[in-house]
>>> print(open('upload_4.pdb').read())   # PDB, C-alpha atoms
ATOM      1  CA  MET A   3     -12.765  -0.807   7.902
ATOM      2  CA  LYS A   4     -11.356  -1.261   4.440
ATOM      3  CA  LEU A   5     -10.747   2.251   3.129
ATOM      4  CA  VAL A   6     -10.175   3.040  -0.536
ATOM      5  CA  THR A   7      -9.441   5.882  -2.886
ATOM      6  CA  PHE A   8     -11.439   5.490  -6.079
ATOM      7  CA  ILE A   9     -12.406   7.215  -9.295
ATOM      8  CA  HIS A  10     -16.094   7.452 -10.171
ATOM      9  CA  GLN A  11     -17.488   9.655 -12.921
ATOM     10  CA  ASP A  12     -14.045  11.242 -13.330
ATOM     11  CA  GLN A  13     -13.904  12.301  -9.675
ATOM     12  CA  GLN A  14     -11.441  11.079  -7.053
ATOM     13  CA  ARG A  15     -13.274  10.059  -3.895
ATOM     14  CA  ILE A  16     -12.603   8.450  -0.497
ATOM     15  CA  GLY A  17     -14.595   5.326   0.219
ATOM     16  CA  ALA A  18     -15.039   2.230   2.314
ATOM     17  CA  VAL A  19     -15.911  -1.313   1.322
ATOM     18  CA  GLU A  20     -19.350  -2.494   2.408
ATOM     19  CA  ASP A  21     -19.880  -6.151   3.383
ATOM     20  CA  ALA A  22     -21.286  -7.113  -0.010
ATOM     21  CA  GLY A  23     -18.368  -5.475  -1.797
ATOM     22  CA  HIS A  24     -20.029  -2.188  -2.718
ATOM     23  CA  ILE A  25     -17.910   0.948  -2.480
ATOM     24  CA  VAL A  26     -19.439   3.538  -0.161
ATOM     25  CA  ASP A  27     -18.641   7.167  -0.958
ATOM     26  CA  LEU A  28     -17.859   8.332   2.570
ATOM     27  CA  GLU A  29     -18.428  12.042   2.073
ATOM     28  CA  ARG A  30     -21.841  11.561   0.476
ATOM     29  CA  ALA A  31     -22.910   8.859   2.932
ATOM     30  CA  TYR A  32     -21.819  10.960   5.912
ATOM     31  CA  ALA A  33     -23.709  13.965   4.562
ATOM     32  CA  ALA A  34     -26.835  11.810   4.201
ATOM     33  CA  TYR A  35     -26.370  10.572   7.762
ATOM     34  CA  LEU A  36     -26.006  14.129   9.098
ATOM     35  CA  ARG A  37     -29.170  15.271   7.325
ATOM     36  CA  GLU A  38     -31.312  12.319   8.401
ATOM     37  CA  ALA A  39     -29.975  11.414  11.844
ATOM     38  CA  GLU A  40     -28.890  14.814  13.145
ATOM     39  CA  GLY A  41     -30.975  17.232  11.102
ATOM     40  CA  ILE A  42     -28.021  19.331   9.991
ATOM     41  CA  PRO A  43     -28.958  21.555   7.021
ATOM     42  CA  ASN A  44     -25.426  22.262   5.712
ATOM     43  CA  ALA A  45     -24.531  18.575   5.815
ATOM     44  CA  ASP A  46     -22.629  18.519   2.502
ATOM     45  CA  GLN A  47     -20.227  21.264   3.554
ATOM     46  CA  LEU A  48     -19.704  19.784   7.015
ATOM     47  CA  ALA A  49     -18.997  16.310   5.630
ATOM     48  CA  ALA A  50     -16.371  17.738   3.275
ATOM     49  CA  VAL A  51     -14.669  19.581   6.138
ATOM     50  CA  VAL A  52     -14.679  16.594   8.493
ATOM     51  CA  LEU A  53     -13.404  14.002   5.993
ATOM     52  CA  GLY A  54     -11.071  16.062   3.812
ATOM     53  CA  PRO A  55     -10.453  15.929   0.061
ATOM     54  CA  ASP A  56      -8.034  12.976  -0.068
ATOM     55  CA  MET A  57      -6.666  10.137   2.051
ATOM     56  CA  CYS A  58      -3.698  12.057   3.457
ATOM     57  CA  GLU A  59      -5.981  14.865   4.625
ATOM     58  CA  PHE A  60      -8.453  12.316   5.956
ATOM     59  CA  LEU A  61      -5.708  10.771   8.090
ATOM     60  CA  ARG A  62      -4.541  14.183   9.308
ATOM     61  CA  ARG A  63      -8.033  14.865  10.615
ATOM     62  CA  GLY A  64      -7.574  11.950  12.982
ATOM     63  CA  GLU A  65     -10.216  10.285  15.125
ATOM     64  CA  ARG A  66     -12.958  12.724  14.145
ATOM     65  CA  ALA A  67     -12.652  11.659  10.499
ATOM     66  CA  LEU A  68     -12.429   7.957  11.392
ATOM     67  CA  SER A  69     -15.515   8.230  13.576
ATOM     68  CA  ALA A  70     -17.379   9.975  10.764
ATOM     69  CA  ALA A  71     -16.317   7.242   8.331
ATOM     70  CA  ARG A  72     -17.642   4.532  10.659
ATOM     71  CA  LYS A  73     -20.975   6.337  10.997
ATOM     72  CA  ALA A  74     -21.167   6.779   7.225
ATOM     73  CA  LEU A  75     -20.446   3.108   6.566
ATOM     74  CA  THR A  76     -22.979   1.946   9.166
ATOM     75  CA  TYR A  77     -25.590   4.301   7.742
ATOM     76  CA  ALA A  78     -24.910   3.060   4.214
ATOM     77  CA  LYS A  79     -25.337  -0.570   5.275
ATOM     78  CA  THR A  80     -28.774   0.155   6.730
ATOM     79  CA  SER A  81     -29.817   2.168   3.677
ATOM     80  CA  LEU A  82     -28.741  -0.183   0.898
ATOM     81  CA  ASP A  83     -32.285  -1.188  -0.001
ATOM     82  CA  THR A  84     -33.560   2.382  -0.428
ATOM     83  CA  SER A  85     -31.327   5.354  -1.246
ATOM     84  CA  ASN A  86     -27.990   3.660  -1.839
ATOM     85  CA  GLY A  87     -27.708   5.038  -5.355
ATOM     86  CA  ASN A  88     -26.735   8.381  -3.873
ATOM     87  CA  PHE A  89     -23.621   7.156  -2.129
ATOM     88  CA  THR A  90     -22.751   3.570  -3.064
ATOM     89  CA  CYS A  91     -21.126   2.263  -6.232
ATOM     90  CA  ASP A  92     -20.772  -1.174  -7.711
ATOM     91  CA  ARG A  93     -17.141  -2.290  -7.419
ATOM     92  CA  GLN A  94     -16.985  -3.006 -11.149
ATOM     93  CA  ARG A  95     -17.992   0.546 -12.029
ATOM     94  CA  VAL A  96     -15.176   2.322 -10.235
ATOM     95  CA  ARG A  97     -11.422   2.426 -10.654
ATOM     96  CA  LEU A  98      -9.502   1.766  -7.461
ATOM     97  CA  MET A  99      -6.447   3.930  -6.980
ATOM     98  CA  ALA A 100      -3.767   3.271  -4.377
ATOM     99  CA  PRO A 101      -5.349   3.916  -0.948
ATOM    100  CA  VAL A 102      -2.811   6.735  -0.476
ATOM    101  CA  PRO A 103      -2.239   7.886  -4.063
ATOM    102  CA  ARG A 104       0.416  10.410  -3.123
ATOM    103  CA  PRO A 105       2.197   9.542   0.163
ATOM    104  CA  GLY A 106       4.006  12.276   1.984
ATOM    105  CA  ALA A 107       7.040   9.993   2.204
ATOM    106  CA  LEU A 108       7.642   6.468   0.932
ATOM    107  CA  VAL A 109      10.354   4.711   2.945
ATOM    108  CA  SER A 110      11.168   1.146   1.891
ATOM    109  CA  ALA A 111      13.204  -1.200   4.054
ATOM    110  CA  GLY A 112      16.082  -3.085   2.479
ATOM    111  CA  LYS A 113      17.762  -6.335   3.533
ATOM    112  CA  ASN A 114      15.081  -6.893   6.147
ATOM    113  CA  PHE A 115      14.247 -10.585   5.625
ATOM    114  CA  SER A 116      16.774 -13.197   6.673
ATOM    115  CA  ASP A 117      15.891 -15.525   3.787
ATOM    116  CA  HIS A 118      16.157 -12.701   1.237
ATOM    117  CA  VAL A 119      19.562 -11.644   2.617
ATOM    118  CA  ALA A 120      20.721 -15.236   2.150
ATOM    119  CA  GLU A 121      19.451 -15.579  -1.432
ATOM    120  CA  MET A 122      21.145 -12.321  -2.432
ATOM    121  CA  ALA A 123      24.463 -13.729  -1.121
ATOM    122  CA  SER A 124      24.913 -10.896   1.374
ATOM    123  CA  LYS A 125      27.536 -11.714   3.969
ATOM    124  CA  LYS A 126      25.320 -10.621   6.833
ATOM    125  CA  GLY A 127      22.208  -8.646   7.610
ATOM    126  CA  PRO A 128      22.245  -5.016   8.768
ATOM    127  CA  VAL A 129      22.883  -4.064  12.391
ATOM    128  CA  ALA A 130      20.213  -1.336  12.213
ATOM    129  CA  PRO A 131      17.242  -0.823   9.885
ATOM    130  CA  VAL A 132      18.267   0.341   6.420
ATOM    131  CA  ALA A 133      15.973   1.827   3.810
ATOM    132  CA  PHE A 134      15.808   3.729   0.559
ATOM    133  CA  LEU A 135      13.314   6.315  -0.638
ATOM    134  CA  LYS A 136      10.946   5.745  -3.511
ATOM    135  CA  LEU A 137       9.457   8.848  -5.105
ATOM    136  CA  PRO A 138       5.769   9.338  -4.194
ATOM    137  CA  GLY A 139       4.989   9.770  -7.890
ATOM    138  CA  THR A 140       5.833   6.089  -8.510
ATOM    139  CA  VAL A 141       2.643   4.960  -6.772
ATOM    140  CA  ILE A 142      -0.057   3.333  -8.901
ATOM    141  CA  GLY A 143      -3.257   1.451  -8.142
ATOM    142  CA  PRO A 144      -3.928  -2.257  -7.561
ATOM    143  CA  GLU A 145      -4.970  -2.967 -11.154
ATOM    144  CA  ASP A 146      -2.923  -0.400 -13.085
ATOM    145  CA  ASP A 147      -0.325  -1.371 -15.679
ATOM    146  CA  ILE A 148       3.367  -1.242 -14.743
ATOM    147  CA  PRO A 149       5.418   0.390 -17.517
ATOM    148  CA  HIS A 150       8.597  -1.462 -18.519
ATOM    149  CA  PRO A 151      11.184   1.261 -19.275
ATOM    150  CA  PRO A 152      13.035   0.471 -22.518
ATOM    151  CA  GLU A 153      16.411   1.121 -20.888
ATOM    152  CA  VAL A 154      15.779  -1.471 -18.143
ATOM    153  CA  LYS A 155      16.962  -5.037 -18.804
ATOM    154  CA  ASN A 156      16.421  -6.669 -15.413
ATOM    155  CA  LEU A 157      12.973  -5.790 -14.051
ATOM    156  CA  ASP A 158      12.160  -7.424 -10.706
ATOM    157  CA  TYR A 159       9.309  -7.673  -8.171
ATOM    158  CA  GLU A 160       9.125  -7.675  -4.345
ATOM    159  CA  VAL A 161       5.924  -8.310  -2.405
ATOM    160  CA  GLU A 162       5.800  -6.314   0.840
ATOM    161  CA  LEU A 163       3.466  -5.087   3.545
ATOM    162  CA  ALA A 164       2.999  -1.317   3.592
ATOM    163  CA  ILE A 165       2.412   0.435   6.910
ATOM    164  CA  ILE A 166       0.471   3.697   6.691
ATOM    165  CA  ILE A 167       1.135   6.209   9.440
ATOM    166  CA  GLY A 168      -1.993   7.730  10.973
ATOM    167  CA  LYS A 169      -0.761  10.519  13.242
ATOM    168  CA  PRO A 170       2.398  12.539  13.904
ATOM    169  CA  CYS A 171       5.033  10.074  15.066
ATOM    170  CA  ILE A 172       8.243  11.407  16.627
ATOM    171  CA  ASP A 173      10.693   9.463  18.801
ATOM    172  CA  VAL A 174       8.232   6.733  19.782
ATOM    173  CA  SER A 175       9.150   3.496  21.522
ATOM    174  CA  GLU A 176       8.693   0.037  20.055
ATOM    175  CA  GLU A 177       6.005  -0.643  22.664
ATOM    176  CA  GLU A 178       3.851   2.263  21.488
ATOM    177  CA  ALA A 179       4.784   2.156  17.792
ATOM    178  CA  LEU A 180       1.625   0.437  16.525
ATOM    179  CA  ASP A 181      -0.505   3.143  18.148
ATOM    180  CA  TYR A 182       0.625   5.455  15.332
ATOM    181  CA  VAL A 183      -0.470   3.165  12.499
ATOM    182  CA  ALA A 184      -3.621   4.016  10.552
ATOM    183  CA  GLY A 185      -3.594   0.722   8.710
ATOM    184  CA  TYR A 186      -1.927  -1.593   6.252
ATOM    185  CA  THR A 187      -1.966  -2.365   2.558
ATOM    186  CA  THR A 188      -0.226  -4.567   0.000
ATOM    187  CA  PHE A 189       2.820  -3.214  -1.826
ATOM    188  CA  ASN A 190       4.982  -4.395  -4.722
ATOM    189  CA  ASP A 191       8.454  -2.846  -4.803
ATOM    190  CA  ILE A 192       9.276  -2.990  -8.514
ATOM    191  CA  SER A 193      13.026  -2.735  -9.085
ATOM    192  CA  ALA A 194      15.307  -2.151 -12.064
ATOM    193  CA  ARG A 195      18.185  -4.347 -10.887
ATOM    194  CA  ASP A 196      20.618  -3.398 -13.653
ATOM    195  CA  VAL A 197      20.073   0.318 -13.002
ATOM    196  CA  ILE A 198      20.521  -0.262  -9.264
ATOM    197  CA  ARG A 199      23.813  -2.110  -9.822
ATOM    198  CA  SER A 200      25.079   0.780 -11.930
ATOM    199  CA  GLU A 201      24.001   3.376  -9.356
ATOM    200  CA  ASN A 202      25.595   1.474  -6.473
ATOM    201  CA  LYS A 203      29.020   1.660  -8.116
ATOM    202  CA  THR A 204      29.183   5.382  -7.457
ATOM    203  CA  GLY A 205      26.760   5.977  -4.598
ATOM    204  CA  ILE A 206      23.290   4.893  -3.484
ATOM    205  CA  HIS A 207      20.377   3.871  -5.657
ATOM    206  CA  LEU A 208      17.366   6.028  -6.370
ATOM    207  CA  MET A 209      16.348   5.847 -10.034
ATOM    208  CA  GLY A 210      16.359   2.041 -10.095
ATOM    209  CA  LYS A 211      13.492   2.083  -7.596
ATOM    210  CA  SER A 212      11.631   5.149  -8.831
ATOM    211  CA  PHE A 213      10.609   4.834 -12.453
ATOM    212  CA  PRO A 214       6.921   5.683 -13.031
ATOM    213  CA  GLY A 215       4.645   2.880 -11.856
ATOM    214  CA  PHE A 216       7.267   1.156  -9.699
ATOM    215  CA  SER A 217       5.072   1.213  -6.567
ATOM    216  CA  PRO A 218       1.769  -0.651  -7.024
ATOM    217  CA  MET A 219      -0.235  -0.365  -3.804
ATOM    218  CA  GLY A 220      -3.657  -1.460  -2.578
ATOM    219  CA  PRO A 221      -6.336  -2.493  -2.946
ATOM    220  CA  TYR A 222      -7.430  -1.346   0.516
ATOM    221  CA  LEU A 223      -6.161   0.475   3.542
ATOM    222  CA  VAL A 224      -7.221  -2.046   6.186
ATOM    223  CA  THR A 225      -7.469  -0.145   9.456
ATOM    224  CA  ALA A 226      -5.174  -1.213  12.262
ATOM    225  CA  ASP A 227      -8.009  -2.364  14.525
ATOM    226  CA  GLU A 228      -8.700  -5.230  12.074
ATOM    227  CA  ILE A 229      -5.099  -6.502  12.206
ATOM    228  CA  PRO A 230      -3.890  -6.531  15.824
ATOM    229  CA  ASP A 231      -0.810  -8.674  15.015
ATOM    230  CA  PRO A 232       0.566  -7.735  11.578
ATOM    231  CA  GLN A 233       3.856  -9.494  12.299
ATOM    232  CA  SER A 234       2.321 -12.900  11.550
ATOM    233  CA  LEU A 235       0.798 -12.090   8.146
ATOM    234  CA  LYS A 236       1.556 -14.276   5.131
ATOM    235  CA  VAL A 237       2.779 -12.752   1.861
ATOM    236  CA  ARG A 238       2.943 -14.253  -1.616
ATOM    237  CA  LEU A 239       3.596 -13.259  -5.210
ATOM    238  CA  SER A 240       3.070 -15.019  -8.522
ATOM    239  CA  VAL A 241       3.955 -14.201 -12.124
ATOM    240  CA  ASN A 242       1.595 -15.566 -14.766
ATOM    241  CA  GLY A 243       0.199 -17.916 -12.138
ATOM    242  CA  GLU A 244       3.624 -19.323 -11.140
ATOM    243  CA  MET A 245       4.333 -18.858  -7.437
ATOM    244  CA  ARG A 246       7.601 -16.995  -6.880
ATOM    245  CA  GLN A 247       7.360 -15.764  -3.275
ATOM    246  CA  ASP A 248       5.487 -17.509  -0.459
ATOM    247  CA  SER A 249       6.519 -16.520   3.043
ATOM    248  CA  ASN A 250       5.448 -14.562   6.111
ATOM    249  CA  LEU A 251       6.514 -11.513   8.068
ATOM    250  CA  GLY A 252       8.024 -13.683  10.793
ATOM    251  CA  TYR A 253      11.271 -13.704   8.764
ATOM    252  CA  MET A 254      11.733  -9.952   9.210
ATOM    253  CA  ILE A 255      15.058  -9.030  10.820
ATOM    254  CA  PHE A 256      13.645  -5.802  12.232
ATOM    255  CA  SER A 257      10.002  -6.013  13.267
ATOM    256  CA  ILE A 258       7.292  -3.595  12.246
ATOM    257  CA  ARG A 259       7.450  -2.048  15.712
ATOM    258  CA  ALA A 260      11.226  -1.672  15.471
ATOM    259  CA  MET A 261      10.996  -0.081  12.023
ATOM    260  CA  ILE A 262       8.447   2.503  13.121
ATOM    261  CA  ALA A 263      10.383   3.365  16.270
ATOM    262  CA  TYR A 264      13.667   3.693  14.382
ATOM    263  CA  TRP A 265      12.364   5.867  11.546
ATOM    264  CA  SER A 266      10.292   7.979  13.941
ATOM    265  CA  GLN A 267      13.578   9.593  14.969
ATOM    266  CA  MET A 268      13.318  11.695  11.800
ATOM    267  CA  GLY A 269       9.593  12.298  12.300
ATOM    268  CA  LEU A 270       6.764  10.584  10.454
ATOM    269  CA  ASN A 271       3.451  12.150   9.465
ATOM    270  CA  PRO A 272      -0.067  11.006   8.568
ATOM    271  CA  GLY A 273      -0.029   9.542   5.083
ATOM    272  CA  ASP A 274       3.629   8.517   5.182
ATOM    273  CA  VAL A 275       4.199   4.923   4.084
ATOM    274  CA  LEU A 276       6.802   2.450   5.343
ATOM    275  CA  THR A 277       7.310  -0.880   3.593
ATOM    276  CA  THR A 278       8.723  -3.964   5.264
ATOM    277  CA  GLY A 279      11.187  -5.345   2.751
ATOM    278  CA  THR A 280      10.606  -8.632   0.959
ATOM    279  CA  PRO A 281      11.219 -12.360   1.555
ATOM    280  CA  ARG A 282      13.135 -14.758  -0.710
ATOM    281  CA  GLY A 283      12.026 -15.581  -4.234
ATOM    282  CA  VAL A 284      12.913 -12.459  -6.223
ATOM    283  CA  ALA A 285      14.308 -12.816  -9.738
ATOM    284  CA  ALA A 286      17.676 -11.363  -8.717
ATOM    285  CA  GLY A 287      18.101 -14.122  -6.142
ATOM    286  CA  ARG A 288      17.380 -17.008  -8.488
ATOM    287  CA  LYS A 289      20.313 -19.368  -8.952
ATOM    288  CA  PRO A 290      21.950 -20.183 -11.251
ATOM    289  CA  ASP A 291      20.073 -18.451 -14.093
ATOM    290  CA  GLN A 292      18.076 -15.317 -13.334
ATOM    291  CA  THR A 293      16.984 -14.669 -16.940
ATOM    292  CA  PRO A 294      13.678 -16.601 -16.975
ATOM    293  CA  TRP A 295      12.349 -14.670 -13.988
ATOM    294  CA  TRP A 296      12.955 -11.074 -15.077
ATOM    295  CA  LEU A 297       9.636  -9.363 -15.770
ATOM    296  CA  LYS A 298       8.751  -8.649 -19.391
ATOM    297  CA  PRO A 299       5.838  -6.987 -21.202
ATOM    298  CA  GLY A 300       2.749  -9.160 -21.049
ATOM    299  CA  ASP A 301       3.529 -10.666 -17.640
ATOM    300  CA  VAL A 302       0.829 -10.459 -14.975
ATOM    301  CA  VAL A 303       2.122 -10.006 -11.432
ATOM    302  CA  GLU A 304      -0.121 -10.808  -8.469
ATOM    303  CA  ALA A 305       1.099  -9.723  -5.027
ATOM    304  CA  GLU A 306      -0.946 -10.548  -1.952
ATOM    305  CA  VAL A 307      -0.830  -9.983   1.797
ATOM    306  CA  GLU A 308      -3.058 -12.085   4.022
ATOM    307  CA  GLU A 309      -6.161 -10.267   5.342
ATOM    308  CA  ILE A 310      -5.517  -7.279   3.083
ATOM    309  CA  GLY A 311      -5.885  -8.159  -0.568
ATOM    310  CA  CYS A 312      -4.203  -8.681  -3.894
ATOM    311  CA  LEU A 313      -2.540  -6.437  -6.452
ATOM    312  CA  ARG A 314      -2.890  -7.594 -10.056
ATOM    313  CA  ASN A 315      -0.719  -5.593 -12.415
ATOM    314  CA  ARG A 316       0.273  -6.237 -16.008
ATOM    315  CA  ILE A 317       3.713  -5.323 -17.324
ATOM    316  CA  VAL A 318       3.457  -3.200 -20.487
ATOM    317  CA  SER A 319       6.013  -1.613 -22.795
ATOM    318  CA  GLU A 320       6.539   2.009 -21.823
TER     319      GLU A 320
END
>>> encode(input="upload_4.pdb", output="C-alpha cells")
Amino acid sequence: MKLVTFIHQDQQRIGAVEDAGHIVDLERAYAAYLREAEGIPNADQLAAVVLGPDMCEFLRRGERALSAARKALTYAKTSLDTSNGNFTCDRQRVRLMAPVPRPGALVSAGKNFSDHVAEMASKKGPVAPVAFLKLPGTVIGPEDDIPHPPEVKNLDYEVELAIIIGKPCIDVSEEEALDYVAGYTTFNDISARDVIRSENKTGIHLMGKSFPGFSPMGPYLVTADEIPDPQSLKVRLSVNGEMRQDSNLGYMIFSIRAMIAYWSQMGLNPGDVLTTGTPRGVAAGRKPDQTPWWLKPGDVVEAEVEEIGCLRNRIVSE
C-alpha cells in the first residue's frame, strides 16, 4: 500500500492511494466496509479505534490496523462506481502532508555514502554509524514551501531514503532488522552549511539542520512488503530541472539493516524515522566554486526515490 496523511475540508486524515490515484479515506472506507460486509452498527466508532487518529498511532496499532487498511482499500476499489464520494477524494482536491507529520524521533545518518565522503574531502568514513537529530517540527509535506532563513547564506539539499519504524525495535540483529520497518518514503535533508560550520567549531550541530521546513518528506509511506530490497533503490535530485544528485543506495557505507540494528540499541518506536544519508552532488561538495549551487528563493527542488515518489518544494524567503 501507499499510505498518506492528507488534509481535506480542513481535517487531517489517514489515507491510501487507490490504483487510479484517488485518495481513500481509510477510516471512512473501513467504517463503510464494517457496516456493509459485517453488519456492525457502531462502525464509525470501531473504525476510529482500530485505525487511530494519526499515522504514528496507526503504526502503534500494528497488524490489526494494517489489516483494516487493506480491507478498506479493497472495499473502496470495488465501490468506486457507486458510493465513493463518501470516502474517496480526488488527488487534486487534497493537500498531502508528510506521511508521518510528527515523527517520534528523526535520526539522520551522516557520512554514510562513500562518494559523498569523498566529495566533502573527509579523510575517511566512520567506523560505526554516525547520525544527528533533526527536530520533528522541521517536517513538512511533499509540496510545501521551504523557508529560506534570512540569517542563512549557504542553504543546501540532500536527497535520502527515510525508513519508518513500524513496531518497537530494541537490540535487533541485522538479519531481522527489516522486520521492524513499516515502510519507506522520500526525504530531503535541507542543511544550513554556514550555520553547521559555526556550530561545529564549539560542539555538534543541531540548529543548522533544524530550521522550520528543513525536512520535506513524502509523498507516500510505501509499505515494506512492496519494497523487499530497499538497498538497491535509485535516488536523484534536481534544482530548477538541473540534475544535481543521481545515485543509488548501493553506495551506503552502512546498510539499512546495519543502521536499524545499530540504532535499535537505544530503542526505536513506531513512527520513528531514520534517514540513510545522501550520495555525492550536494552544493557543499561542488568544486571549485560552490556559490552557484546554494539554494535561493525561487528555486524548485525535486527529490525522488525509485518506487516511492517525488518531493517538489519551492524555496521561499522566510
>>> closest_residue(input="upload_4.pdb", among="A:Ala184, A:Leu208, A:Ile166, A:Ile258", to="Asp227 (chain A)", atoms="all atoms listed in the file")
A:Ala184
>>> closest_residue(input="upload_4.pdb", among="A:Glu121, A:Glu177, A:Asp21, A:Glu304", to="Ile317 (chain A)", atoms="all atoms listed in the file")
A:Glu304
>>> closest_residue(input="upload_4.pdb", among="A:Glu162, A:Asp301, A:Glu59, A:Asp147", to="Asn114 (chain A)", atoms="only C-alpha atoms")
A:Glu162
>>> closest_residue(input="upload_4.pdb", among="A:Arg15, A:Arg288, A:Lys4, A:Lys211", to="Leu135 (chain A)", atoms="all atoms listed in the file")
A:Lys211
>>> axis_aligned_box(input="upload_4.pdb", around="region 40-52 of chain A", padding_each_side="3 Å", output="JSON")
{"center_x": -22.8, "center_y": 18.5, "center_z": 7.8, "size_x": 22.3, "size_y": 13.4, "size_z": 16.6}
>>> resolve_selection(input="upload_4.pdb", expression="the PyMOL selection byres ((chain A and resi 64-78) around 10)", output="PyMOL selection string")
chain A and resi 3+5+16-21+24-36+38-39+49+51-54+59-63+79-86+88-90+168-169+184+225+272
>>> residues_near_point(input="upload_4.pdb", point="(14.7, -6.2, 9.0)", cutoff="10 Å", atoms="only C-alpha atoms", output="compact mmCIF listing (two decimals) with C-alpha atoms, in the coordinates of the input")
# COMPACT_ATOMS: atom_id res chain seq x y z
CA ALA A 111 13.20 -1.20 4.05
CA GLY A 112 16.08 -3.08 2.48
CA LYS A 113 17.76 -6.34 3.53
CA ASN A 114 15.08 -6.89 6.15
CA PHE A 115 14.25 -10.58 5.62
CA SER A 116 16.77 -13.20 6.67
CA VAL A 119 19.56 -11.64 2.62
CA GLY A 127 22.21 -8.65 7.61
CA PRO A 128 22.24 -5.02 8.77
CA VAL A 129 22.88 -4.06 12.39
CA ALA A 130 20.21 -1.34 12.21
CA PRO A 131 17.24 -0.82 9.88
CA VAL A 132 18.27 0.34 6.42
CA ALA A 133 15.97 1.83 3.81
CA LEU A 251 6.51 -11.51 8.07
CA TYR A 253 11.27 -13.70 8.76
CA MET A 254 11.73 -9.95 9.21
CA ILE A 255 15.06 -9.03 10.82
CA PHE A 256 13.64 -5.80 12.23
CA SER A 257 10.00 -6.01 13.27
CA ILE A 258 7.29 -3.60 12.25
CA ALA A 260 11.23 -1.67 15.47
CA MET A 261 11.00 -0.08 12.02
CA THR A 278 8.72 -3.96 5.26
CA GLY A 279 11.19 -5.34 2.75
CA THR A 280 10.61 -8.63 0.96
>>> residues_around(input="upload_4.pdb", residues="Val154 (chain A)", least_positions_apart="3", cutoff="10 Å", atoms="only C-alpha atoms", output="MDAnalysis selection string")
chainID A and resid 150:151 157 193:197 210 213
>>> atom_distance(input="upload_4.pdb", atom1="CA of Val302 (chain A)", atom2="CA of Ile142 (chain A)")
15.1 Å
>>> atom_distance(input="upload_4.pdb", atom1="CA of Leu180 (chain A)", atom2="CA of Arg259 (chain A)")
6.4 Å
>>> closest_residue(input="upload_4.pdb", among="A:Gly23, A:Gly252, A:Pro152, A:Pro218", to="Arg95 (chain A)", atoms="only C-alpha atoms")
A:Gly23
>>> closest_residue(input="upload_4.pdb", among="A:Val6, A:Asp46, A:Lys155, A:Ser249", to="Val224 (chain A)", atoms="all atoms listed in the file")
A:Val6
>>> resolve_selection(input="upload_4.pdb", expression="the PyMOL selection byres ((chain A and resi 300) around 12)", output="ChimeraX atom specification")
/A:147-150,241-242,296-299,301-303,315-320
>>> write_last_selection(input="upload_4.pdb", atoms="C-alpha atoms", output="PDB file, in the coordinates of the input")
ATOM      1  CA  ASP A 147      -0.325  -1.371 -15.679  1.00  0.00           C
ATOM      2  CA  ILE A 148       3.367  -1.242 -14.743  1.00  0.00           C
ATOM      3  CA  PRO A 149       5.418   0.390 -17.517  1.00  0.00           C
ATOM      4  CA  HIS A 150       8.597  -1.462 -18.519  1.00  0.00           C
ATOM      5  CA  VAL A 241       3.955 -14.201 -12.124  1.00  0.00           C
ATOM      6  CA  ASN A 242       1.595 -15.566 -14.766  1.00  0.00           C
ATOM      7  CA  TRP A 296      12.955 -11.074 -15.077  1.00  0.00           C
ATOM      8  CA  LEU A 297       9.636  -9.363 -15.770  1.00  0.00           C
ATOM      9  CA  LYS A 298       8.751  -8.649 -19.391  1.00  0.00           C
ATOM     10  CA  PRO A 299       5.838  -6.987 -21.202  1.00  0.00           C
ATOM     11  CA  ASP A 301       3.529 -10.666 -17.640  1.00  0.00           C
ATOM     12  CA  VAL A 302       0.829 -10.459 -14.975  1.00  0.00           C
ATOM     13  CA  VAL A 303       2.122 -10.006 -11.432  1.00  0.00           C
ATOM     14  CA  ASN A 315      -0.719  -5.593 -12.415  1.00  0.00           C
ATOM     15  CA  ARG A 316       0.273  -6.237 -16.008  1.00  0.00           C
ATOM     16  CA  ILE A 317       3.713  -5.323 -17.324  1.00  0.00           C
ATOM     17  CA  VAL A 318       3.457  -3.200 -20.487  1.00  0.00           C
ATOM     18  CA  SER A 319       6.013  -1.613 -22.795  1.00  0.00           C
ATOM     19  CA  GLU A 320       6.539   2.009 -21.823  1.00  0.00           C
TER      20      GLU A 320
END
>>> atom_distance(input="upload_4.pdb", atom1="CA of Ala100 (chain A)", atom2="CA of Gly243 (chain A)")
22.9 Å
>>> residues_around(input="upload_4.pdb", residues="region 96-98 of chain A", least_positions_apart="6", cutoff="7 Å", atoms="all atoms listed in the file", output="list in words")
Thr7, Phe8, Ile9, His10, Gly143, Pro144 and Pro221 of chain A
>>> residues_around(input="upload_4.pdb", residues="Thr187 (chain A)", least_positions_apart="2", cutoff="9 Å", atoms="only C-alpha atoms", output="number ranges by chain")
A: 101, 162-166, 185, 189, 219-224, 307, 310-311
>>> residues_around(input="upload_4.pdb", residues="Glu309 (chain A)", least_positions_apart="3", cutoff="9 Å", atoms="only C-alpha atoms", output="PDB file with C-alpha atoms, keeping the file's coordinate frame")
ATOM      1  CA  VAL A 224      -7.221  -2.046   6.186  1.00  0.00           C
ATOM      2  CA  GLU A 228      -8.700  -5.230  12.074  1.00  0.00           C
ATOM      3  CA  ILE A 229      -5.099  -6.502  12.206  1.00  0.00           C
ATOM      4  CA  LEU A 235       0.798 -12.090   8.146  1.00  0.00           C
ATOM      5  CA  LYS A 236       1.556 -14.276   5.131  1.00  0.00           C
ATOM      6  CA  GLU A 306      -0.946 -10.548  -1.952  1.00  0.00           C
TER       7      GLU A 306
END
